[in-house]
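*Asks:* Supplied structure: input08.cif, mmCIF, C-alpha atoms and all ligand atoms.
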```
data_model
loop_
_atom_site.label_atom_id
_atom_site.label_comp_id
_atom_site.auth_asym_id
_atom_site.auth_seq_id
_atom_site.Cartn_x
_atom_site.Cartn_y
_atom_site.Cartn_z
CA MET A 1 120.75 -48.36 186.07
CA THR A 2 118.93 -47.79 182.81
CA SER A 3 116.84 -50.44 181.16
CA SER A 4 116.12 -50.46 177.48
CA ILE A 5 112.92 -52.16 176.47
CA SER A 6 112.48 -52.22 172.73
CA LEU A 7 108.91 -52.60 171.62
CA PRO A 8 108.20 -54.74 168.55
CA SER A 9 107.64 -52.91 165.27
CA ALA A 10 104.11 -51.85 164.40
CA LEU A 11 104.27 -53.92 161.23
CA GLN A 12 106.60 -56.55 159.91
CA CYS A 13 106.14 -58.30 156.57
CA CYS A 14 108.59 -61.14 155.92
CA ASN A 15 109.07 -62.82 152.56
CA LEU A 16 105.54 -62.04 151.46
CA VAL A 17 104.56 -63.72 148.20
CA LYS A 18 101.29 -63.32 146.30
CA MET A 19 100.52 -64.73 142.89
CA LEU A 20 97.46 -63.62 140.93
CA GLY A 21 97.03 -65.97 137.99
CA ASP A 22 100.54 -66.46 136.65
CA LYS A 23 101.66 -62.99 137.78
CA THR A 24 103.84 -62.52 140.86
CA VAL A 25 102.30 -59.47 142.50
CA LEU A 26 104.28 -59.61 145.76
CA ALA A 27 107.74 -61.10 145.28
CA SER A 28 109.29 -62.09 148.64
CA LEU A 29 108.59 -58.64 149.98
CA ASP A 30 110.05 -57.49 153.33
CA LEU A 31 108.88 -54.37 155.14
CA VAL A 32 109.32 -53.21 158.74
CA VAL A 33 107.43 -50.14 159.96
CA ALA A 34 108.18 -48.62 163.36
CA ARG A 35 105.49 -47.59 165.83
CA GLY A 36 104.08 -44.16 165.15
CA GLU A 37 105.75 -43.98 161.76
CA VAL A 38 103.99 -42.58 158.70
CA VAL A 39 105.14 -44.51 155.63
CA SER A 40 104.13 -43.90 152.03
CA LEU A 41 104.00 -46.66 149.46
CA VAL A 42 104.69 -45.33 146.00
CA GLY A 43 105.39 -47.10 142.74
CA ALA A 44 104.19 -47.50 139.20
CA SER A 45 100.66 -48.66 138.54
CA GLY A 46 100.52 -52.43 139.01
CA SER A 47 103.61 -52.62 141.24
CA GLY A 48 101.56 -54.22 144.03
CA LYS A 49 100.83 -51.35 146.44
CA THR A 50 97.13 -52.06 146.89
CA THR A 51 97.70 -55.80 147.09
CA LEU A 52 100.26 -55.26 149.87
CA LEU A 53 97.87 -52.99 151.77
CA ARG A 54 95.05 -55.48 151.40
CA ALA A 55 97.27 -58.35 152.54
CA ILE A 56 98.17 -56.37 155.68
CA ALA A 57 94.49 -55.67 156.27
CA GLY A 58 93.56 -59.34 155.83
CA LEU A 59 91.55 -58.77 152.65
CA VAL A 60 94.02 -60.63 150.42
CA THR A 61 95.49 -64.02 151.30
CA PRO A 62 99.25 -64.26 150.76
CA ASP A 63 100.61 -67.47 149.24
CA SER A 64 103.50 -67.52 151.68
CA GLY A 65 105.38 -65.34 154.13
CA GLU A 66 104.50 -63.81 157.46
CA ILE A 67 102.83 -60.64 158.71
CA TYR A 68 103.20 -59.35 162.29
CA LEU A 69 101.24 -56.48 163.83
CA MET A 70 102.69 -55.04 167.04
CA GLY A 71 104.86 -58.15 167.24
CA ASP A 72 101.96 -60.62 167.01
CA PRO A 73 101.62 -62.86 163.97
CA VAL A 74 98.42 -62.16 162.05
CA TRP A 75 99.48 -64.25 159.07
CA SER A 76 101.85 -67.18 159.26
CA LYS A 77 101.77 -70.93 158.76
CA ARG A 78 100.38 -71.37 162.25
CA ARG A 79 98.22 -68.26 162.78
CA ARG A 80 95.66 -66.55 160.56
CA VAL A 81 93.84 -63.63 162.14
CA PRO A 82 90.75 -62.51 160.17
CA ALA A 83 90.50 -58.91 158.98
CA GLU A 84 87.91 -57.89 161.59
CA HIS A 85 90.25 -58.82 164.44
CA ARG A 86 93.35 -56.98 163.21
CA GLN A 87 92.45 -53.54 164.69
CA ILE A 88 93.30 -51.87 161.44
CA GLY A 89 91.72 -48.72 160.08
CA LEU A 90 91.13 -48.67 156.35
CA ILE A 91 90.52 -45.71 154.12
CA PHE A 92 90.24 -46.76 150.52
CA GLN A 93 88.98 -44.83 147.54
CA ASP A 94 85.43 -46.07 148.00
CA TYR A 95 83.89 -44.39 151.01
CA ALA A 96 81.92 -47.36 152.37
CA LEU A 97 79.60 -45.17 154.44
CA TRP A 98 76.27 -46.38 155.80
CA PRO A 99 73.71 -44.63 153.55
CA HIS A 100 70.86 -44.72 156.09
CA MET A 101 72.89 -43.10 158.91
CA THR A 102 73.80 -39.49 159.50
CA VAL A 103 77.42 -38.36 159.41
CA ALA A 104 77.67 -38.47 163.21
CA GLN A 105 76.02 -41.90 163.34
CA ASN A 106 78.49 -43.20 160.75
CA LEU A 107 81.25 -42.25 163.18
CA SER A 108 79.64 -43.47 166.38
CA PHE A 109 78.27 -46.78 165.07
CA GLY A 110 81.57 -48.69 165.24
CA LEU A 111 82.40 -47.25 168.67
CA GLU A 112 79.00 -48.29 170.04
CA ALA A 113 79.60 -51.79 168.68
CA ARG A 114 82.78 -51.82 170.80
CA HIS A 115 80.63 -50.94 173.87
CA MET A 116 82.48 -47.71 174.45
CA LYS A 117 81.03 -45.28 177.02
CA SER A 118 78.72 -42.68 175.51
CA ASP A 119 80.67 -39.64 176.75
CA GLU A 120 83.88 -41.05 175.22
CA ILE A 121 82.01 -41.70 171.96
CA LYS A 122 80.70 -38.13 171.95
CA ARG A 123 84.17 -36.74 172.69
CA ARG A 124 85.78 -38.72 169.87
CA VAL A 125 83.02 -38.02 167.33
CA ASP A 126 83.00 -34.28 168.09
CA HIS A 127 86.79 -34.12 167.85
CA ALA A 128 86.96 -36.06 164.56
CA LEU A 129 84.17 -33.95 163.01
CA ASP A 130 85.87 -30.80 164.21
CA VAL A 131 89.30 -31.54 162.72
CA THR A 132 87.81 -32.69 159.43
CA ARG A 133 85.60 -29.57 159.37
CA LEU A 134 82.42 -31.61 159.18
CA GLY A 135 80.76 -30.27 162.32
CA SER A 136 78.06 -28.38 160.44
CA LEU A 137 77.21 -31.47 158.37
CA ARG A 138 76.88 -33.93 161.24
CA GLY A 139 73.12 -34.40 160.75
CA ARG A 140 73.27 -35.06 156.99
CA ARG A 141 73.13 -38.42 155.30
CA PRO A 142 75.87 -39.46 152.81
CA SER A 143 73.55 -38.88 149.81
CA GLN A 144 73.34 -35.21 150.87
CA LEU A 145 77.13 -34.78 150.71
CA SER A 146 79.57 -34.21 147.87
CA GLY A 147 82.11 -36.94 147.05
CA GLY A 148 84.83 -35.00 148.83
CA GLN A 149 82.70 -34.54 151.93
CA GLN A 150 81.92 -38.27 151.94
CA GLN A 151 85.61 -39.07 151.85
CA ARG A 152 86.19 -36.71 154.76
CA VAL A 153 83.53 -38.61 156.71
CA ALA A 154 85.41 -41.85 155.99
CA ILE A 155 88.60 -40.23 157.28
CA ALA A 156 86.82 -38.86 160.36
CA ARG A 157 85.33 -42.27 161.08
CA CYS A 158 88.78 -43.87 161.06
CA LEU A 159 90.25 -41.16 163.23
CA ALA A 160 87.44 -41.60 165.77
CA ALA A 161 88.12 -45.35 165.90
CA ARG A 162 91.84 -44.72 166.64
CA PRO A 163 93.21 -47.93 165.16
CA GLN A 164 96.75 -49.04 165.94
CA ILE A 165 97.55 -49.02 162.25
CA LEU A 166 95.83 -46.96 159.61
CA LEU A 167 96.03 -48.02 155.96
CA LEU A 168 95.16 -45.33 153.44
CA ASP A 169 94.85 -45.99 149.71
CA GLU A 170 94.73 -42.69 147.78
CA PRO A 171 92.44 -41.17 150.43
CA LEU A 172 92.50 -37.65 149.03
CA SER A 173 92.32 -38.35 145.31
CA ASN A 174 88.70 -37.19 145.04
CA LEU A 175 89.24 -33.82 146.68
CA ASP A 176 89.94 -30.53 144.99
CA ALA A 177 93.51 -29.22 145.25
CA ALA A 178 93.04 -26.62 148.01
CA LEU A 179 91.01 -28.88 150.25
CA ARG A 180 93.36 -31.75 149.55
CA ASP A 181 96.38 -29.81 150.85
CA ASP A 182 94.54 -28.61 153.95
CA LEU A 183 93.03 -31.96 154.78
CA ARG A 184 96.32 -33.75 154.17
CA SER A 185 98.13 -31.55 156.69
CA GLU A 186 95.32 -31.91 159.20
CA MET A 187 95.10 -35.62 158.70
CA VAL A 188 98.82 -36.22 159.12
CA ARG A 189 99.05 -33.85 162.09
CA LEU A 190 96.24 -35.75 163.77
CA ILE A 191 97.68 -39.17 162.92
CA ARG A 192 100.96 -38.08 164.48
CA ALA A 193 99.31 -36.49 167.51
CA GLU A 194 97.40 -39.72 168.16
CA GLY A 195 100.58 -41.78 167.66
CA ILE A 196 98.89 -43.86 164.95
CA THR A 197 101.13 -45.82 162.61
CA ALA A 198 100.02 -45.12 159.05
CA ILE A 199 100.77 -46.60 155.66
CA TYR A 200 99.71 -44.36 152.84
CA VAL A 201 99.42 -45.34 149.19
CA THR A 202 99.61 -42.44 146.78
CA HIS A 203 100.47 -41.79 143.14
CA ASP A 204 101.55 -38.30 144.03
CA GLN A 205 105.29 -38.20 144.79
CA ALA A 206 105.10 -34.67 146.22
CA GLU A 207 102.35 -35.80 148.58
CA ALA A 208 104.40 -38.85 149.61
CA MET A 209 107.43 -36.65 150.29
CA ALA A 210 105.32 -34.24 152.32
CA VAL A 211 103.53 -36.73 154.57
CA SER A 212 106.05 -39.49 155.24
CA ASP A 213 108.76 -40.29 157.70
CA ARG A 214 109.91 -42.88 155.15
CA LEU A 215 108.93 -43.79 151.61
CA ALA A 216 108.84 -47.32 150.22
CA VAL A 217 109.28 -47.24 146.45
CA MET A 218 107.76 -50.42 145.01
CA ASP A 219 108.91 -52.06 141.81
CA ARG A 220 107.27 -55.26 140.52
CA GLY A 221 106.25 -56.64 143.89
CA THR A 222 109.37 -55.73 145.86
CA ILE A 223 110.63 -52.62 147.56
CA ALA A 224 113.34 -50.93 145.52
CA GLN A 225 114.20 -48.42 148.26
CA PHE A 226 112.88 -47.71 151.75
CA ALA A 227 114.30 -44.52 153.23
CA THR A 228 113.46 -40.97 154.30
CA PRO A 229 112.24 -38.60 151.60
CA GLN A 230 115.50 -36.68 151.84
CA GLU A 231 117.65 -39.81 151.50
CA ILE A 232 115.67 -40.94 148.47
CA TYR A 233 115.86 -37.51 146.87
CA GLU A 234 119.57 -37.07 147.56
CA ALA A 235 120.66 -40.66 146.95
CA PRO A 236 118.18 -42.70 144.91
CA ALA A 237 119.15 -46.38 145.11
CA ASN A 238 119.01 -46.97 141.38
CA ALA A 239 117.85 -45.53 138.08
CA PHE A 240 114.32 -46.91 138.56
CA VAL A 241 113.85 -44.97 141.80
CA ALA A 242 115.38 -41.80 140.33
CA GLN A 243 113.12 -42.03 137.30
CA PHE A 244 110.10 -42.73 139.41
CA LEU A 245 110.59 -39.60 141.51
CA GLY A 246 110.00 -37.55 138.38
CA GLY A 247 111.53 -34.17 137.60
CA PHE A 248 115.07 -35.58 137.50
CA SER A 249 117.00 -35.75 134.23
CA LEU A 250 118.83 -39.03 133.74
CA LEU A 251 121.80 -39.10 131.37
CA LYS A 252 123.18 -42.43 130.24
CA GLY A 253 126.93 -42.82 130.02
CA TRP A 254 129.96 -44.36 131.63
CA THR A 255 132.44 -43.45 134.35
CA GLU A 256 136.21 -43.37 134.22
CA LYS A 257 137.70 -42.58 137.64
CA ASP A 258 135.91 -39.43 138.84
CA ALA A 259 134.72 -38.43 135.36
CA PHE A 260 131.31 -39.19 133.88
CA HIS A 261 131.07 -39.30 130.07
CA ALA A 262 127.58 -38.85 128.65
CA GLU A 263 126.64 -41.37 125.96
CA GLY A 264 125.12 -38.69 123.80
CA GLY A 265 128.22 -36.61 123.03
CA THR A 266 131.20 -34.82 124.38
CA LEU A 267 129.97 -34.10 127.89
CA LYS A 268 132.54 -34.96 130.55
CA LEU A 269 131.71 -34.10 134.16
CA ARG A 270 133.42 -34.65 137.51
CA HIS A 271 131.07 -36.56 139.84
CA ARG A 272 130.72 -37.51 143.53
CA SER A 273 130.04 -41.24 143.25
CA PRO A 274 133.43 -42.91 143.79
CA GLY A 275 131.98 -46.41 144.07
CA VAL A 276 130.55 -46.44 140.55
CA SER A 277 132.57 -47.75 137.63
CA GLY A 278 131.65 -48.65 134.07
CA ASP A 279 128.22 -47.89 132.66
CA GLY A 280 126.05 -45.60 134.71
CA VAL A 281 123.35 -42.94 134.80
CA LEU A 282 123.95 -39.36 135.90
CA VAL A 283 121.11 -37.90 137.98
CA VAL A 284 120.50 -34.17 137.51
CA ARG A 285 118.01 -32.61 139.93
CA PRO A 286 116.30 -29.48 138.55
CA GLU A 287 117.84 -27.27 141.22
CA ASP A 288 121.41 -28.52 140.60
CA GLY A 289 122.28 -26.07 137.81
CA ARG A 290 124.34 -22.97 138.61
CA PRO A 291 125.20 -19.94 136.48
CA ALA A 292 128.52 -20.81 134.81
CA ALA A 293 129.99 -17.37 135.58
CA SER A 294 130.12 -18.15 139.30
CA HIS A 295 130.87 -21.90 139.03
CA PRO A 296 133.76 -22.67 136.68
CA GLU A 297 133.73 -26.49 137.02
CA ASN A 298 131.52 -28.86 135.00
CA ARG A 299 130.34 -26.25 132.55
CA ILE A 300 127.70 -27.23 130.01
CA CYS A 301 126.26 -25.42 126.99
CA GLY A 302 122.83 -26.17 125.69
CA GLU A 303 119.88 -24.78 123.79
CA VAL A 304 116.69 -23.82 125.60
CA ILE A 305 113.89 -25.80 123.94
CA ASP A 306 111.14 -25.21 126.50
CA SER A 307 110.49 -22.80 129.34
CA ALA A 308 107.66 -22.91 131.89
CA TYR A 309 107.07 -20.28 134.57
CA GLN A 310 106.93 -21.94 138.01
CA GLY A 311 106.38 -18.95 140.30
CA ARG A 312 109.81 -18.77 141.90
CA CYS A 313 111.77 -19.77 138.79
CA TRP A 314 111.51 -20.97 135.23
CA ARG A 315 111.71 -24.69 134.51
CA LEU A 316 113.88 -24.91 131.40
CA MET A 317 114.38 -27.87 129.12
CA ILE A 318 117.86 -27.65 127.73
CA LYS A 319 119.09 -29.74 124.81
CA VAL A 320 122.68 -30.80 125.33
CA SER A 321 123.80 -32.86 122.35
CA THR A 322 121.26 -35.72 122.34
CA ASP A 323 120.32 -35.33 126.03
CA ILE A 324 117.64 -33.16 127.59
CA ILE A 325 118.33 -31.57 130.98
CA ARG A 326 115.53 -29.97 133.02
CA LEU A 327 116.69 -27.08 135.19
CA ASP A 328 115.07 -24.55 137.49
CA TRP A 329 116.49 -21.24 136.38
CA PRO A 330 116.24 -17.79 138.02
CA THR A 331 115.70 -15.82 134.81
CA ARG A 332 113.46 -16.09 131.81
CA GLU A 333 115.26 -17.40 128.69
CA ASN A 334 113.92 -17.27 125.15
CA LEU A 335 113.47 -20.49 123.23
CA GLY A 336 116.47 -21.13 121.00
CA THR A 337 118.88 -19.29 123.30
CA VAL A 338 122.12 -21.12 124.06
CA ILE A 339 122.90 -20.87 127.77
CA GLU A 340 125.91 -21.95 129.77
CA PHE A 341 125.47 -23.46 133.21
CA SER A 342 127.44 -25.62 135.64
CA LEU A 343 126.63 -28.78 137.54
CA PRO A 344 128.84 -28.67 140.66
CA PRO A 345 130.67 -32.03 141.11
CA ASP A 346 129.23 -32.45 144.62
CA ARG A 347 125.73 -32.52 143.05
CA CYS A 348 126.63 -35.01 140.30
CA THR A 349 125.37 -38.42 141.46
CA VAL A 350 126.07 -41.38 139.18
CA LEU A 351 124.08 -44.60 139.65
CA SER A 352 125.22 -48.00 138.38
CA ASN A 353 123.15 -49.51 135.63
N1 LIG B 401 92.08 -60.14 141.00
C1 LIG B 401 93.15 -60.04 140.25
N2 LIG B 401 93.44 -61.00 139.33
C2 LIG B 401 94.54 -60.95 138.56
N3 LIG B 401 95.45 -59.95 138.64
C3 LIG B 401 95.22 -58.95 139.52
C4 LIG B 401 94.07 -58.95 140.37
N4 LIG B 401 94.15 -57.83 141.15
C5 LIG B 401 95.28 -57.20 140.80
N5 LIG B 401 95.91 -57.86 139.83
C6 LIG B 401 97.18 -57.49 139.20
O1 LIG B 401 98.15 -57.40 140.23
C7 LIG B 401 99.07 -56.36 139.97
C8 LIG B 401 99.19 -55.47 141.18
O2 LIG B 401 97.97 -54.79 141.38
P1 LIG B 401 97.83 -53.69 142.52
O3 LIG B 401 96.42 -53.17 142.43
O4 LIG B 401 98.29 -54.24 143.80
O5 LIG B 401 98.87 -52.60 142.02
P2 LIG B 401 99.00 -51.09 142.44
O6 LIG B 401 100.45 -50.82 142.57
O7 LIG B 401 98.15 -50.78 143.62
O8 LIG B 401 98.42 -50.37 141.16
P3 LIG B 401 97.63 -48.97 141.02
O9 LIG B 401 98.63 -47.93 141.38
O10 LIG B 401 97.25 -48.94 139.58
O11 LIG B 401 96.46 -49.00 141.94
C9 LIG B 401 98.56 -55.66 138.72
O12 LIG B 401 99.32 -56.11 137.62
C10 LIG B 401 97.13 -56.11 138.59
O13 LIG B 401 96.75 -56.14 137.25
#
```
Could you express the structure from this file as structure tokens?
*Replies:*
Amino acid sequence: MTSSISLPSALQCCNLVKMLGDKTVLASLDLVVARGEVVSLVGASGSGKTTLLRAIAGLVTPDSGEIYLMGDPVWSKRRRVPAEHRQIGLIFQDYALWPHMTVAQNLSFGLEARHMKSDEIKRRVDHALDVTRLGSLRGRRPSQLSGGQQQRVAIARCLAARPQILLLDEPLSNLDAALRDDLRSEMVRLIRAEGITAIYVTHDQAEAMAVSDRLAVMDRGTIAQFATPQEIYEAPANAFVAQFLGGFSLLKGWTEKDAFHAEGGTLKLRHRSPGVSGDGVLVVRPEDGRPAASHPENRICGEVIDSAYQGRCWRLMIKVSTDIIRLDWPTRENLGTVIEFSLPPDRCTVLSN
């Protein structure tokens, strides 16, 4: 006989509301994060990402709603657990290091306060310093480190503490590009290896796509879409999400059966969104264009008005009547050239307005 025991989610936010002045910053927000999941919170500036993170951490008081960590209420009408008892790791943009302690002491201090055995503390500190490549700096004080190194100490300190949930608010924004990529991979690999549930706020969509099991796209205090990076990329829930992802071209128009008519002119394309009728927006991903010679359906002519070399391709901006379509193209095209390309119907997603 098999038994199935389902553990409660790592995090559950139900109907969370937060007003700041007369502004609704969290608007009946619901979010459920599974154990061990890495979730990114993305959204326009001011959409409420930091406020949500701080409410989960216990640093912001919601006006109503409930928050559960590992199935236990930490915020509800009946129970209010203070921040220091929520077993949450926080990495915000400010490093919050102890200035009078060395790097290693910054890591071990919190573990000593938890009365952990010294050999376990040493093991954790050495490991965290090793993976964050801070081993050679362990004896320095924060004032003797660069900003990036200080942020890595903050990350190492959290990793050594092994919280059940780790909340990260733009943790890599102060690092240079090469280090940022390396540290991001290391950080996420370690978070996954330790089975830590992580919620990661970033402005960088590519970073969010790269690190997350699922992405929550926030819009004005609610979550517009919560899905895997691939689902969001392939099937954005609405025009806001598609626009937010960046890089997509959005053409306004209307649908008539399986045909999409662009508002700006004579463009008529067969699409793959049978459920959409009336006004809509066609989503064109940069990689959707095909040379017209090999793809006879949904042909489009347009003038190249910009071309930027991207390494593997050229990113063209093509003017089609009054619309602009961005495409990744295999060959260099001169500005002013009129090119013909196709958008295969199975790549033409139309979203309702
Ligand atoms: N103390 C405060 N008093 C009044 N309004 C505030 C306060 N803190 C934040 N806000 C407002 O709440 C909204 C949400 O802010 P929040 O910092 O959560 O957004 P965010 O999505 O994290 O933005 P960003 O990406 O710019 O960091 C913003 O409109 C902000 O101006």
*Asks:* Can you work out which one of A:Val74, A:Ser136, A:Thr222, A:Glu194 has the shortest atom-to-atom distance to ligand LIG 401 (chain B), counting only C-alpha atoms and all ligand atoms?
*Replies:*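 Result for the nearest residue to ligand LIG 401 (chain B): A:Thr222.
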*Asks:* Could you give me, as CSV, every chain A residue with an atom at most 7 Å from ligand LIG 401 (chain B), plus its closest atom pair and distance in Å to one decimal, counting all atoms listed in the file, rows ordered by chain then number?
*Replies:*
```
residue,atom,partner,partner_atom,distance
A:Leu20,CA,B:LIG401,C2,4.6
A:Gly21,CA,B:LIG401,C2,5.6
A:Lys23,CA,B:LIG401,N3,7.0
A:Val25,CA,B:LIG401,C7,5.1
A:Gly43,CA,B:LIG401,O6,6.2
A:Ala44,CA,B:LIG401,O9,6.0
A:Ser45,CA,B:LIG401,O9,3.6
A:Gly46,CA,B:LIG401,O5,3.4
A:Ser47,CA,B:LIG401,O6,3.9
A:Gly48,CA,B:LIG401,O4,3.3
A:Lys49,CA,B:LIG401,O6,3.9
A:Thr50,CA,B:LIG401,O7,3.7
A:Thr51,CA,B:LIG401,O4,3.7
A:Leu52,CA,B:LIG401,O4,6.5
A:His203,CA,B:LIG401,O9,6.6
```
*Asks:* What does the structure give for the distance between atom CA of A:Ser64 and atom CA of A:Cys13, in Å to one decimal?
*Replies:*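 Atom CA of A:Cys13 lies 10.8 Å from atom CA of A:Ser64.
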*Asks:* Please build the interface table for stretch 162-247 of chain A against stretch 77-92 of chain A with a cut-off of 8 Å, listing for each qualifying residue the nearest atom pair and the distance in Å to one decimal; count all atoms listed in the file, order rows by chain and increasing number, and write it as a Markdown table.
*Replies:*
```
| residue | atom | partner | partner_atom | distance |
| --- | --- | --- | --- | --- |
| A:Arg162 | CA | A:Gly89 | CA | 7.7 |
| A:Pro163 | CA | A:Gly89 | CA | 5.4 |
| A:Gln164 | CA | A:Ile88 | CA | 6.3 |
| A:Ile165 | CA | A:Ile88 | CA | 5.2 |
| A:Leu166 | CA | A:Gly89 | CA | 4.5 |
| A:Leu167 | CA | A:Leu90 | CA | 5.0 |
| A:Leu168 | CA | A:Ile91 | CA | 4.7 |
| A:Asp169 | CA | A:Phe92 | CA | 4.7 |
| A:Glu170 | CA | A:Phe92 | CA | 6.7 |
| A:Pro171 | CA | A:Phe92 | CA | 6.0 |
```
*Asks:* Report as CSV the residues of stretch 176-242 of chain A within 12 Å of stretch 249-273 of chain A, each with its shortest atom pair and distance in Å (one decimal), using all atoms listed in the file, ordered by chain and increasing residue number.
*Replies:*
```
residue,atom,partner,partner_atom,distance
A:Glu234,CA,A:Arg272,CA,11.9
A:Ala235,CA,A:Ser273,CA,10.1
A:Pro236,CA,A:Leu250,CA,11.8
A:Asn238,CA,A:Leu250,CA,11.0
A:Ala239,CA,A:Leu250,CA,7.9
A:Phe240,CA,A:Leu250,CA,10.3
A:Val241,CA,A:Leu250,CA,11.2
A:Ala242,CA,A:Leu250,CA,7.9
```
*Asks:* Quick check, in Å to one decimal: how far apart do atom CA of A:Trp314 and atom CA of A:Trp329 lie?
*Replies:*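 Computing the Euclidean distance for atom CA of A:Trp314 and atom CA of A:Trp329 yields 5.1 Å.
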*Asks:* With distances taken over only C-alpha atoms, which residue among A:His100, A:Lys117, A:Arg180, A:Arg290 lies nearest A:Arg140?
*Replies:* A:His100
*Asks:* Between atom CA of A:Ala154 and atom CA of A:Leu183, what is the distance, to one decimal in Å?
*Replies:* 12.5 Å
*Asks:* Write out as a ChimeraX atom specification the residues lying within 12 Å of stretch 141-153 of chain A, counting all atoms listed in the file and excluding same-chain residues fewer than 2 positions away.
*Replies:* /A:90-108,125,128-139,155-160,168-180,182-184,186-187
*Asks:* Closest to A:Leu69 among A:Val39, A:Ala161, A:Ile56, A:Leu11, using all atoms listed in the file?
*Replies:*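 Of the candidates, the smallest distance to A:Leu69 is held by A:Leu11.
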*Asks:* Give the centre and edge lengths of an axis-aligned box, in Å to one decimal, that holds all listed atoms of stretch 159-162 of chain A with 4 Å on each side, as JSON.
*Replies:*
```
{"center_x": 89.6, "center_y": -43.3, "center_z": 164.9, "size_x": 12.4, "size_y": 12.2, "size_z": 11.4}
```
*Asks:* Ranking A:Lys122, A:Lys18, A:Arg299, A:Arg35 by minimum distance to A:Ile196 and counting only C-alpha atoms, which one comes first?
*Replies:* A:Arg35
*Asks:* Can you tell me, as a PyMOL selection string, what residues are no more than 9 Å from A:Arg326 when counting only C-alpha atoms, ignoring any on the same chain fewer than 6 positions away?
*Replies:* chain A and resi 247-249+284-287+315-319
*Asks:* When you count only C-alpha atoms, which of these residues is closest to A:His295: A:Asp126, A:Asp213, A:Glu231, A:Glu340?
*Replies:*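 For A:His295, the nearest of the given residues is A:Glu340.
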